[in-house]
Amino acid sequence: MTPPVLPLHMGALHPYEQVLVLVLAFGPFLLLGAVIAVRRRQDRREDAAAQGQRDR
């Protein structure tokens, strides 16, 4: 009979591995936030231009 498999700790991460984990964990959210901010800025600019044309 084989003993049960236990998940073992692999040890501390190297500094480059810690950075990689942080980039993979939070990078997509930061990128999404940047895309949303840029699109909102573009939308505000377009709305202001449309409002300016309506006022004429």
# chains A, B, ... in the order shown; residues from 1 in each chain; ligands from 1
>>> select_by_dssp(residues="range 5-36 of chain A", states="helix (DSSP H, G or I)", output="count of residues only")
22
>>> atom_distance(atom1="CA of Arg41 in chain A", atom2="CA of Leu22 in chain A")
27.7 Å
